[in-house]
$ cat entry.tsv   # TSV, C-alpha atoms
chain	number	residue	atom	x	y	z
A	1	ARG	CA	-4.02	-14.49	4.76
A	2	GLY	CA	-4.96	-11.48	6.82
A	3	THR	CA	-3.18	-12.16	10.10
A	4	GLY	CA	-0.46	-9.51	9.83
A	5	PRO	CA	-0.52	-6.10	11.50
A	6	VAL	CA	-2.43	-3.10	10.18
A	7	LEU	CA	-0.69	0.29	10.30
A	8	ALA	CA	-2.87	3.31	11.06
A	9	CYS	CA	-2.74	7.11	11.32
A	10	VAL	CA	-4.76	8.67	14.12
A	11	GLN	CA	-5.88	12.31	14.18
A	12	ASP	CA	-8.00	13.84	16.95
A	13	GLY	CA	-8.58	10.39	18.48
A	14	ARG	CA	-9.95	9.00	15.20
A	15	VAL	CA	-8.38	6.61	12.70
A	16	ALA	CA	-7.75	8.83	9.68
A	17	GLY	CA	-6.29	6.09	7.48
A	18	ALA	CA	-4.87	2.59	7.50
A	19	ILE	CA	-2.84	0.12	5.44
A	20	GLY	CA	-2.65	-3.62	5.91
A	21	PRO	CA	-2.60	-6.41	6.67
A	22	MET	CA	1.17	-6.49	6.39
A	23	GLU	CA	2.31	-9.92	5.26
A	24	ILE	CA	5.36	-11.39	3.57
A	25	MET	CA	5.29	-14.55	1.45
A	26	ALA	CA	7.85	-16.24	-0.76
A	27	ASP	CA	7.23	-16.01	-4.50
A	28	SER	CA	7.66	-18.97	-6.88
A	29	LEU	CA	11.45	-18.42	-6.92
A	30	GLY	CA	11.68	-18.17	-3.13
A	31	ALA	CA	12.15	-14.38	-2.93
A	32	ALA	CA	10.31	-12.70	-0.06
A	33	ARG	CA	7.65	-10.28	-1.24
A	34	LEU	CA	5.37	-7.94	0.66
A	35	LEU	CA	1.84	-8.82	-0.37
A	36	PRO	CA	-0.60	-6.13	-1.55
A	37	GLN	CA	-2.47	-4.41	1.27
A	38	TYR	CA	-5.81	-2.70	1.62
A	39	PHE	CA	-5.11	1.00	1.89
A	40	GLY	CA	-7.32	4.00	2.53
A	41	VAL	CA	-7.61	7.45	4.05
A	42	LEU	CA	-10.97	8.94	5.07
A	43	PRO	CA	-12.09	11.69	2.67
A	44	GLU	CA	-11.91	14.44	5.28
A	45	TYR	CA	-8.23	13.63	5.94
A	46	ARG	CA	-7.07	13.34	2.32
A	47	GLY	CA	-4.47	15.80	1.10
A	48	ALA	CA	-2.81	16.06	4.53
A	49	GLY	CA	-0.01	13.56	3.85
A	50	TYR	CA	-1.51	10.60	5.71
A	51	GLY	CA	-1.52	8.36	2.63
A	52	ARG	CA	2.13	9.05	1.90
A	53	ALA	CA	3.06	8.49	5.57
A	54	LEU	CA	1.21	5.16	5.61
A	55	TRP	CA	2.79	4.09	2.31
A	56	ARG	CA	6.29	4.88	3.54
A	57	ALA	CA	5.65	3.15	6.89
A	58	ALA	CA	4.50	0.05	5.00
A	59	MET	CA	7.65	0.06	2.86
A	60	ILE	CA	9.82	0.40	5.98
A	61	TRP	CA	7.90	-2.44	7.67
A	62	GLY	CA	8.41	-4.67	4.62
A	63	HIS	CA	12.12	-3.90	4.45
A	64	GLN	CA	12.58	-4.53	8.18
A	65	HIS	CA	10.83	-7.88	7.83
A	66	GLY	CA	12.93	-9.09	4.90
A	67	ALA	CA	10.80	-8.32	1.84
A	68	ALA	CA	12.83	-8.05	-1.36
A	69	TYR	CA	9.99	-6.32	-3.21
A	70	GLN	CA	6.27	-5.56	-3.18
A	71	LEU	CA	3.65	-6.44	-5.74
A	72	LEU	CA	1.06	-3.66	-6.11
A	73	GLN	CA	-2.34	-3.49	-7.71
A	74	THR	CA	-3.83	-0.06	-8.33
A	75	GLU	CA	-6.60	1.44	-10.38
A	76	ALA	CA	-4.98	3.23	-13.32
A	77	GLY	CA	-5.13	6.94	-12.63
A	78	GLY	CA	-6.61	6.43	-9.15
A	79	ALA	CA	-5.32	7.93	-5.90
A	80	SER	CA	-3.08	4.94	-5.08
A	81	ASP	CA	-1.68	4.90	-8.61
A	82	ARG	CA	-0.85	8.62	-8.42
A	83	LEU	CA	0.80	8.15	-5.03
A	84	CYS	CA	2.91	5.25	-6.33
A	85	ARG	CA	4.06	7.31	-9.31
A	86	THR	CA	5.08	10.25	-7.12
A	87	GLU	CA	7.08	7.76	-5.04
A	88	GLY	CA	9.02	6.77	-8.17
A	89	LEU	CA	7.26	3.53	-9.13
A	90	THR	CA	6.34	2.67	-12.71
A	91	ASP	CA	4.11	0.11	-14.45
A	92	LEU	CA	5.61	-3.31	-15.01
A	93	GLY	CA	2.77	-5.06	-16.78
A	94	LEU	CA	-0.58	-4.89	-18.47
A	95	VAL	CA	-3.40	-2.72	-17.34
A	96	CYS	CA	-6.72	-4.48	-17.82
A	97	THR	CA	-10.11	-2.87	-17.35
A	98	SER	CA	-13.61	-4.13	-17.98
A	99	THR	CA	-17.02	-2.58	-17.63
A	100	LEU	CA	-19.79	-4.76	-16.35
$ encode --input "entry.tsv" --output "structure tokens"
Amino acid sequence: RGTGPVLACVQDGRVAGAIGPMEIMADSLGAARLLPQYFGVLPEYRGAGYGRALWRAAMIWGHQHGAAYQLLQTEAGGASDRLCRTEGLTDLGLVCTSTL
């Protein structure tokens, strides 16, 4: 894992955010799924729409490469979780947290 492309946003000659690696793998039933990616936007660029642009570009990439769906893992209430909810996604399973 980890050989697929990474999508990035560049502002003022600097990488402002990135999502990847982009990879598709068959699930246990043979359906193509886009695997979870690492995703982040530098603090000084947050709130400018880069995260949403990267998210949408990743979904387009997955669709163009045959993914039927994407499995996501987010921290409940975190930035990625809030973005997913504003994009119309909802929880499908358990949320588990533990404090070490």
$ residues_around --input "entry.tsv" --residues "stretch 29-36 of chain A" --least-positions-apart "4" --cutoff "6 Å" --atoms "all atoms listed in the file" --output "ChimeraX atom specification"
/A:23-25,62,67-72
$ atom_distance --input "entry.tsv" --atom1 "atom CA of A:Met22" --atom2 "atom CA of A:Arg82"
21.3 Å
$ atom_distance --input "entry.tsv" --atom1 "atom CA of A:Leu83" --atom2 "atom CA of A:Val15"
20.0 Å
$ atom_distance --input "entry.tsv" --atom1 "atom CA of A:Arg46" --atom2 "atom CA of A:Glu75"
17.4 Å
$ residues_around --input "entry.tsv" --residues "A:Ala58" --least-positions-apart "3" --cutoff "10 Å" --atoms "only C-alpha atoms" --output "ChimeraX atom specification"
/A:6-7,19-22,34,37,52-55,61-64
$ residues_around --input "entry.tsv" --residues "stretch 12-14 of chain A" --least-positions-apart "6" --cutoff "12 Å" --atoms "all atoms listed in the file" --output "ChimeraX atom specification"
/A:41-42,44-45
$ axis_aligned_box --input "entry.tsv" --around "stretch 53-70 of chain A" --padding-each-side "3 Å" --output "AutoDock Vina command-line options"
--center_x 7.1 --center_y -0.3 --center_z 2.5 --size_x 17.7 --size_y 23.6 --size_z 17.4
$ closest_residue --input "entry.tsv" --among "A:Leu100, A:Cys84, A:Ala16, A:Leu89" --to "A:Ala48" --atoms "all atoms listed in the file"
A:Ala16
$ closest_residue --input "entry.tsv" --among "A:Ala26, A:Ala18, A:Ala57, A:Ala79" --to "A:Tyr38" --atoms "only C-alpha atoms"
A:Ala18
$ closest_residue --input "entry.tsv" --among "A:Gly17, A:Ser98, A:Thr90, A:Gly66" --to "A:Gly51" --atoms "only C-alpha atoms"
A:Gly17
$ closest_residue --input "entry.tsv" --among "A:Ser80, A:Gln11, A:Gly47, A:Glu87" --to "A:Met59" --atoms "only C-alpha atoms"
A:Glu87
$ build_atoms --input "entry.tsv" --residues "stretch 31-52 of chain A" --atoms "N, CA and C atoms" --output "PDB file, keeping the file's coordinate frame"
ATOM      1  N   ALA A  31      11.870 -15.744  -3.405  1.00  0.00           N
ATOM      2  CA  ALA A  31      12.150 -14.380  -2.930  1.00  0.00           C
ATOM      3  C   ALA A  31      10.999 -13.895  -2.050  1.00  0.00           C
ATOM      4  N   ALA A  32      11.335 -13.226  -0.970  1.00  0.00           N
ATOM      5  CA  ALA A  32      10.310 -12.700  -0.060  1.00  0.00           C
ATOM      6  C   ALA A  32       9.683 -11.456  -0.664  1.00  0.00           C
ATOM      7  N   ARG A  33       8.355 -11.451  -0.714  1.00  0.00           N
ATOM      8  CA  ARG A  33       7.650 -10.280  -1.240  1.00  0.00           C
ATOM      9  C   ARG A  33       6.613  -9.823  -0.229  1.00  0.00           C
ATOM     10  N   LEU A  34       6.429  -8.523  -0.152  1.00  0.00           N
ATOM     11  CA  LEU A  34       5.370  -7.940   0.660  1.00  0.00           C
ATOM     12  C   LEU A  34       4.101  -7.999  -0.169  1.00  0.00           C
ATOM     13  N   LEU A  35       3.089  -8.663   0.365  1.00  0.00           N
ATOM     14  CA  LEU A  35       1.840  -8.820  -0.370  1.00  0.00           C
ATOM     15  C   LEU A  35       1.068  -7.507  -0.424  1.00  0.00           C
ATOM     16  N   PRO A  36       0.201  -7.350  -1.447  1.00  0.00           N
ATOM     17  CA  PRO A  36      -0.600  -6.130  -1.550  1.00  0.00           C
ATOM     18  C   PRO A  36      -1.465  -5.947  -0.291  1.00  0.00           C
ATOM     19  N   GLN A  37      -1.657  -4.711   0.100  1.00  0.00           N
ATOM     20  CA  GLN A  37      -2.470  -4.410   1.270  1.00  0.00           C
ATOM     21  C   GLN A  37      -3.715  -3.638   0.852  1.00  0.00           C
ATOM     22  N   TYR A  38      -4.695  -3.632   1.740  1.00  0.00           N
ATOM     23  CA  TYR A  38      -5.810  -2.700   1.620  1.00  0.00           C
ATOM     24  C   TYR A  38      -5.296  -1.379   2.172  1.00  0.00           C
ATOM     25  N   PHE A  39      -5.707  -0.283   1.571  1.00  0.00           N
ATOM     26  CA  PHE A  39      -5.110   1.000   1.890  1.00  0.00           C
ATOM     27  C   PHE A  39      -6.166   2.082   1.703  1.00  0.00           C
ATOM     28  N   GLY A  40      -6.349   2.932   2.693  1.00  0.00           N
ATOM     29  CA  GLY A  40      -7.320   4.000   2.530  1.00  0.00           C
ATOM     30  C   GLY A  40      -7.153   5.105   3.560  1.00  0.00           C
ATOM     31  N   VAL A  41      -7.589   6.282   3.184  1.00  0.00           N
ATOM     32  CA  VAL A  41      -7.610   7.450   4.050  1.00  0.00           C
ATOM     33  C   VAL A  41      -9.020   8.039   3.937  1.00  0.00           C
ATOM     34  N   LEU A  42      -9.633   8.353   5.086  1.00  0.00           N
ATOM     35  CA  LEU A  42     -10.970   8.940   5.070  1.00  0.00           C
ATOM     36  C   LEU A  42     -10.970  10.241   4.269  1.00  0.00           C
ATOM     37  N   PRO A  43     -12.048  10.503   3.529  1.00  0.00           N
ATOM     38  CA  PRO A  43     -12.090  11.690   2.670  1.00  0.00           C
ATOM     39  C   PRO A  43     -11.728  12.994   3.371  1.00  0.00           C
ATOM     40  N   GLU A  44     -12.178  13.179   4.595  1.00  0.00           N
ATOM     41  CA  GLU A  44     -11.910  14.440   5.280  1.00  0.00           C
ATOM     42  C   GLU A  44     -10.448  14.608   5.692  1.00  0.00           C
ATOM     43  N   TYR A  45      -9.646  13.551   5.583  1.00  0.00           N
ATOM     44  CA  TYR A  45      -8.230  13.630   5.940  1.00  0.00           C
ATOM     45  C   TYR A  45      -7.309  13.555   4.710  1.00  0.00           C
ATOM     46  N   ARG A  46      -7.891  13.437   3.534  1.00  0.00           N
ATOM     47  CA  ARG A  46      -7.070  13.340   2.320  1.00  0.00           C
ATOM     48  C   ARG A  46      -6.395  14.667   2.034  1.00  0.00           C
ATOM     49  N   GLY A  47      -5.216  14.599   1.444  1.00  0.00           N
ATOM     50  CA  GLY A  47      -4.470  15.800   1.100  1.00  0.00           C
ATOM     51  C   GLY A  47      -3.610  16.328   2.236  1.00  0.00           C
ATOM     52  N   ALA A  48      -3.597  15.615   3.368  1.00  0.00           N
ATOM     53  CA  ALA A  48      -2.810  16.060   4.530  1.00  0.00           C
ATOM     54  C   ALA A  48      -1.535  15.247   4.709  1.00  0.00           C
ATOM     55  N   GLY A  49      -1.236  14.343   3.773  1.00  0.00           N
ATOM     56  CA  GLY A  49      -0.010  13.560   3.850  1.00  0.00           C
ATOM     57  C   GLY A  49      -0.128  12.222   4.558  1.00  0.00           C
ATOM     58  N   TYR A  50      -1.342  11.869   5.007  1.00  0.00           N
ATOM     59  CA  TYR A  50      -1.510  10.600   5.710  1.00  0.00           C
ATOM     60  C   TYR A  50      -1.260   9.397   4.799  1.00  0.00           C
ATOM     61  N   GLY A  51      -1.731   9.472   3.575  1.00  0.00           N
ATOM     62  CA  GLY A  51      -1.520   8.360   2.630  1.00  0.00           C
ATOM     63  C   GLY A  51      -0.049   8.113   2.383  1.00  0.00           C
ATOM     64  N   ARG A  52       0.689   9.172   2.144  1.00  0.00           N
ATOM     65  CA  ARG A  52       2.130   9.050   1.900  1.00  0.00           C
ATOM     66  C   ARG A  52       2.841   8.501   3.143  1.00  0.00           C
TER      67      ARG A  52
END
